[in-house]
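query06.txt (compact mmCIF, C-alpha atoms)
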# COMPACT_ATOMS: atom_id res chain seq x y z
CA MET Y 13 -51.00 80.03 97.68
CA GLU Y 14 -51.91 82.22 100.65
CA ASP Y 15 -51.34 79.21 102.97
CA THR Y 16 -47.83 78.82 101.57
CA PHE Y 17 -46.99 82.44 102.33
CA SER Y 18 -48.54 82.13 105.78
CA ASN Y 19 -46.42 79.04 106.50
CA LEU Y 20 -43.28 80.77 105.21
CA ALA Y 21 -43.95 83.75 107.44
CA THR Y 22 -44.53 81.44 110.41
CA TYR Y 23 -41.84 78.81 109.88
CA GLY Y 24 -39.57 80.77 107.55
CA TYR Y 25 -37.52 82.22 110.39
CA ILE Y 26 -36.89 78.75 111.83
CA GLY Y 27 -35.86 77.45 108.41
CA LEU Y 28 -33.68 80.51 107.88
CA PHE Y 29 -31.92 79.88 111.19
CA LEU Y 30 -31.32 76.18 110.51
CA TYR Y 31 -30.16 76.74 106.93
CA SER Y 32 -27.87 79.61 107.90
CA LEU Y 33 -26.13 77.44 110.50
CA GLY Y 34 -24.52 75.66 107.56
CA GLY Y 35 -23.58 78.89 105.82
CA GLY Y 36 -26.04 78.58 102.94
CA PHE Y 37 -27.07 81.83 101.34
CA VAL Y 38 -30.22 80.56 99.58
CA ALA Y 39 -32.35 81.00 102.71
CA ILE Y 40 -31.28 84.60 103.31
CA VAL Y 41 -31.88 85.36 99.62
CA GLY Y 42 -35.34 83.78 99.91
CA ALA Y 43 -36.03 85.75 103.08
CA GLY Y 44 -34.92 88.95 101.32
CA VAL Y 45 -37.31 88.30 98.44
CA LEU Y 46 -40.13 87.44 100.85
CA SER Y 47 -39.35 90.66 102.72
CA PHE Y 48 -39.60 92.52 99.41
CA MET Y 49 -43.03 90.92 98.97
CA GLY Y 50 -44.03 91.99 102.49
CA LYS Y 51 -44.26 88.43 103.84
CA MET Y 52 -41.26 88.57 106.20
CA ASP Y 53 -39.40 91.29 108.07
CA LEU Y 54 -36.02 92.13 106.52
CA SER Y 55 -34.23 93.25 109.67
CA THR Y 56 -35.39 90.18 111.60
CA SER Y 57 -34.31 87.92 108.73
CA ILE Y 58 -30.86 89.53 108.53
CA PHE Y 59 -30.39 89.27 112.31
CA ILE Y 60 -31.43 85.60 112.41
CA ALA Y 61 -29.16 84.70 109.48
CA PHE Y 62 -26.27 86.60 111.07
CA VAL Y 63 -26.60 84.86 114.44
CA ALA Y 64 -27.03 81.41 112.91
CA ASN Y 65 -24.13 81.83 110.50
CA ALA Y 66 -21.72 83.04 113.19
CA LEU Y 67 -22.86 80.28 115.54
CA GLY Y 68 -22.53 77.58 112.85
CA ASP Y 69 -18.91 78.44 112.07
CA MET Y 70 -18.03 78.57 115.77
CA MET Y 71 -19.58 75.11 116.24
CA LEU Y 72 -17.53 73.77 113.32
CA LEU Y 73 -14.35 75.24 114.82
CA TYR Y 74 -15.06 73.74 118.25
CA MET Y 75 -15.93 70.34 116.80
CA ALA Y 76 -12.70 70.31 114.78
CA ARG Y 77 -10.64 71.48 117.75
CA TYR Y 78 -12.08 69.19 120.41
CA GLN Y 79 -13.47 66.25 118.39
CA LYS Y 80 -10.62 65.78 115.89
CA ALA Y 81 -11.02 62.02 115.54
CA MET Y 82 -14.70 62.31 114.69
CA MET Y 83 -14.11 65.19 112.27
CA MET Y 84 -11.22 63.46 110.50
CA ASP Y 85 -13.36 60.37 109.90
CA GLY Y 86 -15.92 62.54 108.13
CA LEU Y 87 -13.30 64.47 106.17
CA ARG Y 88 -11.47 61.54 104.56
CA LYS Y 89 -13.16 62.18 101.21
CA HIS Y 90 -12.42 65.90 101.40
CA ARG Y 91 -8.68 65.82 102.00
CA ARG Y 92 -7.93 67.86 98.88
CA LYS Y 93 -10.43 70.53 99.80
CA LEU Y 94 -9.04 70.63 103.32
CA ALA Y 95 -5.53 71.00 101.89
CA LEU Y 96 -6.80 73.85 99.70
CA SER Y 97 -8.26 75.48 102.80
CA HIS Y 98 -4.88 75.27 104.56
CA LEU Y 99 -3.14 76.75 101.51
CA LEU Y 100 -5.64 79.60 101.42
CA MET Y 101 -5.08 80.21 105.13
CA LYS Y 102 -1.32 80.40 104.60
CA LYS Y 103 -1.66 82.65 101.57
CA TYR Y 104 -4.31 85.07 102.84
CA GLY Y 105 -4.02 84.75 106.61
CA SER Y 106 -6.94 86.12 108.60
CA TRP Y 107 -8.52 87.62 105.48
CA ILE Y 108 -9.69 84.15 104.47
CA ILE Y 109 -12.06 84.19 107.46
CA LEU Y 110 -13.63 87.38 106.17
CA PHE Y 111 -14.28 86.22 102.63
CA GLN Y 112 -14.76 82.47 103.10
CA LYS Y 113 -18.49 82.91 103.65
CA PHE Y 114 -18.85 84.13 100.08
CA VAL Y 115 -17.02 81.22 98.41
CA TYR Y 116 -19.02 78.06 97.95
CA GLY Y 117 -17.03 74.91 98.62
CA ILE Y 118 -14.73 76.32 101.29
CA LYS Y 119 -17.14 78.13 103.60
CA THR Y 120 -17.56 75.11 105.86
CA LEU Y 121 -14.02 73.81 105.45
CA ILE Y 122 -12.20 76.97 106.58
CA PRO Y 123 -13.58 76.87 110.16
CA ILE Y 124 -12.76 73.15 110.29
CA ALA Y 125 -9.24 73.76 108.97
CA ILE Y 126 -8.75 76.55 111.51
CA GLY Y 127 -10.05 74.29 114.26
CA LEU Y 128 -7.40 71.73 113.37
CA THR Y 129 -4.66 74.33 113.87
CA LYS Y 130 -3.63 76.35 116.93
CA TYR Y 131 -5.28 79.52 115.60
CA ASP Y 132 -6.55 81.75 118.43
CA ILE Y 133 -10.25 81.07 119.04
CA LYS Y 134 -10.95 84.62 120.28
CA LYS Y 135 -9.44 86.13 117.15
CA PHE Y 136 -11.48 83.74 114.99
CA ALA Y 137 -14.65 84.60 116.92
CA ILE Y 138 -14.18 88.35 116.34
CA LEU Y 139 -13.44 87.93 112.64
CA ASN Y 140 -16.23 85.39 112.28
CA VAL Y 141 -18.82 87.74 113.80
CA LEU Y 142 -17.65 90.56 111.55
CA SER Y 143 -17.74 88.31 108.51
CA ALA Y 144 -21.19 86.92 109.37
CA ALA Y 145 -22.54 90.46 109.74
CA VAL Y 146 -21.19 91.48 106.33
CA TRP Y 147 -22.50 88.23 104.79
CA ALA Y 148 -26.01 88.69 106.21
CA LEU Y 149 -26.17 92.37 105.23
CA VAL Y 150 -24.89 91.79 101.68
CA PHE Y 151 -27.22 88.90 100.89
CA GLY Y 152 -30.16 90.28 102.87
CA PHE Y 153 -30.19 93.75 101.38
CA GLY Y 154 -28.98 92.50 98.00
CA SER Y 155 -31.87 90.10 97.65
CA TYR Y 156 -34.36 92.62 99.02
CA TYR Y 157 -33.36 95.28 96.49
CA SER Y 158 -33.15 92.64 93.72
CA GLY Y 159 -36.51 91.19 94.74
CA GLU Y 160 -38.36 92.13 91.58
CA ALA Y 161 -35.62 90.78 89.28
CA LEU Y 162 -35.41 87.54 91.29
CA MET Y 163 -39.19 87.13 91.14
CA ASN Y 164 -39.08 87.65 87.36
CA LEU Y 165 -36.34 85.01 87.08
CA ALA Y 166 -38.42 82.60 89.17
CA SER Y 167 -41.40 83.29 86.92
CA LEU Y 168 -39.29 82.63 83.81
CA ILE Y 169 -38.04 79.35 85.27
CA GLY Y 170 -41.65 78.45 86.11
CA GLU Y 171 -42.64 79.01 82.47
CA LYS Y 172 -39.57 77.26 81.04
CA PRO Y 173 -38.50 74.68 83.62
CA TRP Y 174 -35.61 73.38 81.49
CA ILE Y 175 -33.66 76.57 82.30
CA ALA Y 176 -33.11 75.64 85.97
CA PRO Y 177 -31.22 72.37 85.33
CA VAL Y 178 -29.08 74.09 82.69
CA ILE Y 179 -28.13 76.89 85.12
CA LEU Y 180 -27.44 74.36 87.90
CA ALA Y 181 -25.38 72.14 85.59
CA VAL Y 182 -23.24 75.05 84.37
CA PHE Y 183 -22.76 76.44 87.89
CA GLY Y 184 -22.21 73.03 89.48
CA GLY Y 185 -19.87 71.88 86.71
CA GLY Y 186 -17.78 75.04 86.95
CA LEU Y 187 -17.58 74.73 90.71
CA TRP Y 188 -16.68 71.04 90.55
CA LEU Y 189 -14.00 71.75 87.94
CA TYR Y 190 -12.53 74.51 90.09
CA MET Y 191 -12.54 72.38 93.25
CA GLU Y 192 -10.89 69.48 91.41
CA LYS Y 193 -8.23 71.51 89.63
CA ALA Y 194 -7.37 74.17 92.23
CA PRO Y 195 -5.85 71.86 94.87
CA LYS Y 196 -3.83 69.96 92.24
CA LYS Y 197 -2.57 73.16 90.64
CA LYS Y 198 -1.61 74.65 94.04
CA SER Y 199 0.21 71.50 95.14
CA ASN Y 200 2.11 71.29 91.84
CA THR Y 201 3.32 74.89 92.18
CA ILE Y 202 4.47 74.30 95.75
CA LYS Y 203 6.64 71.32 94.69
CA SER Y 204 8.36 73.40 92.02
For this file, write the structure as structure tokens.
Amino acid sequence: MEDTFSNLATYGYIGLFLYSLGGGFVAIVGAGVLSFMGKMDLSTSIFIAFVANALGDMMLLYMARYQKAMMMDGLRKHRRKLALSHLLMKKYGSWIILFQKFVYGIKTLIPIAIGLTKYDIKKFAILNVLSAAVWALVFGFGSYYSGEALMNLASLIGEKPWIAPVILAVFGGGLWLYMEKAPKKKSNTIKS
């Protein structure tokens, strides 16, 4: 067990950086809990997650802006989600950049959708950095101060492993249902 914690302390920052490039919050939550346990440094974890998250969204924007053909090939299956992202951009404007990092399912599509438009890159960069900072601070400090509760939950799942698939199925099913129904509902209201 001590080897596992040693490896997490050594390679955890690299994993946190790579995972945060894609906007995932699980790594920063894990780093916050490990910081609570004294195995990682909280401020370093928050900084690494912030930099990686901001950099990841900027890379998505640049790929969408300057490699449209390649991006569109990969997005054929996600046309509805991309349409939802455009609708959210029209409805909320620049605010969508600030809260997209907190909404699973659109956090990677919003920078791509913005990259496909003529949105100002400098304005996106400023809002993206601000949003990434808020994201890293919220999840970093939130998981650090919830460390004991999260460890208790992990212990409960370890004792009763059937709980994890139930939680994942409920969460995943609700998310899938939302992502399937939201674009259809939005497009039906626009036609009316």
Name the closest residue to Y:Ala43 among the candidates Y:Pro123, Y:Pro177, Y:Gly152, Y:Gly170; distances are taken between atoms, counting all atoms listed in the file.
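Between Y:Pro123, Y:Pro177, Y:Gly152, Y:Gly170, the residue approaching Y:Ala43 most closely is Y:Gly152.
Note that atom CA of Y:Leu187 and atom CA of Y:Tyr157 are 26.5 Å apart.
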Report as a Markdown table the residues of stretch 120-185 of chain Y within 9 Å of stretch 55-73 of chain Y, each with its shortest atom pair and distance in Å (one decimal), using all atoms listed in the file, ordered by chain and increasing residue number.
| residue | atom | partner | partner_atom | distance |
| --- | --- | --- | --- | --- |
| Y:Thr120 | CA | Y:Asp69 | CA | 7.2 |
| Y:Leu121 | CA | Y:Leu72 | CA | 8.6 |
| Y:Ile122 | CA | Y:Leu73 | CA | 8.7 |
| Y:Pro123 | CA | Y:Leu73 | CA | 5.0 |
| Y:Ile124 | CA | Y:Leu73 | CA | 5.2 |
| Y:Ala125 | CA | Y:Leu73 | CA | 7.9 |
| Y:Ile126 | CA | Y:Leu73 | CA | 6.6 |
| Y:Gly127 | CA | Y:Leu73 | CA | 4.4 |
| Y:Leu128 | CA | Y:Leu73 | CA | 7.9 |
| Y:Ile133 | CA | Y:Leu73 | CA | 8.3 |
| Y:Phe136 | CA | Y:Met70 | CA | 8.4 |
| Y:Ala137 | CA | Y:Met70 | CA | 7.0 |
| Y:Asn140 | CA | Y:Ala66 | CA | 6.0 |
| Y:Val141 | CA | Y:Ala66 | CA | 5.6 |
| Y:Leu142 | CA | Y:Ala66 | CA | 8.7 |
| Y:Ser143 | CA | Y:Ala66 | CA | 8.1 |
| Y:Ala144 | CA | Y:Phe62 | CA | 5.4 |
| Y:Ala145 | CA | Y:Phe62 | CA | 5.5 |
| Y:Val146 | CA | Y:Phe62 | CA | 8.5 |
| Y:Trp147 | CA | Y:Phe62 | CA | 7.5 |
| Y:Ala148 | CA | Y:Phe62 | CA | 5.3 |
| Y:Leu149 | CA | Y:Ile58 | CA | 6.4 |
| Y:Phe151 | CA | Y:Ile58 | CA | 8.5 |
| Y:Gly152 | CA | Y:Ile58 | CA | 5.8 |
| Y:Phe153 | CA | Y:Ile58 | CA | 8.3 |
Computed interatomic separation between atom CA of Y:Tyr23 and atom CA of Y:Gly42 (Å)
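Atom-to-atom, atom CA of Y:Tyr23 to atom CA of Y:Gly42, that is 12.9 Å.
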Identify which of the residues Y:Ile108, Y:Lys130, Y:Arg92, Y:Leu33 lies closest to Y:Tyr78, counting only C-alpha atoms when measuring atom-to-atom distances.
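Counting only C-alpha atoms, the residue closest to Y:Tyr78 is Y:Lys130.
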Looking at Y:Lys89, Y:Lys80, Y:Lys135, Y:Lys172, which one is nearest to Y:Trp107, with distances taken over only C-alpha atoms?
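Smallest distance to Y:Trp107 is found for Y:Lys135.
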Grab the atom CA of Y:Leu46 to atom CA of Y:Ser167 distance for me, in Å with one decimal place.
14.6 Å
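Comparing the minimum interatomic distances between Y:Phe48 and each of Y:Tyr25, Y:Tyr31, Y:Tyr131, Y:Tyr156, counting only C-alpha atoms, we find that Y:Tyr156 sits nearest.
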Given all atoms listed in the file as the basis, pick out the residue of Y:Arg91, Y:Gly24, Y:Phe111, Y:Tyr74 nearest to Y:Leu54.
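Smallest distance to Y:Leu54 is found for Y:Gly24.
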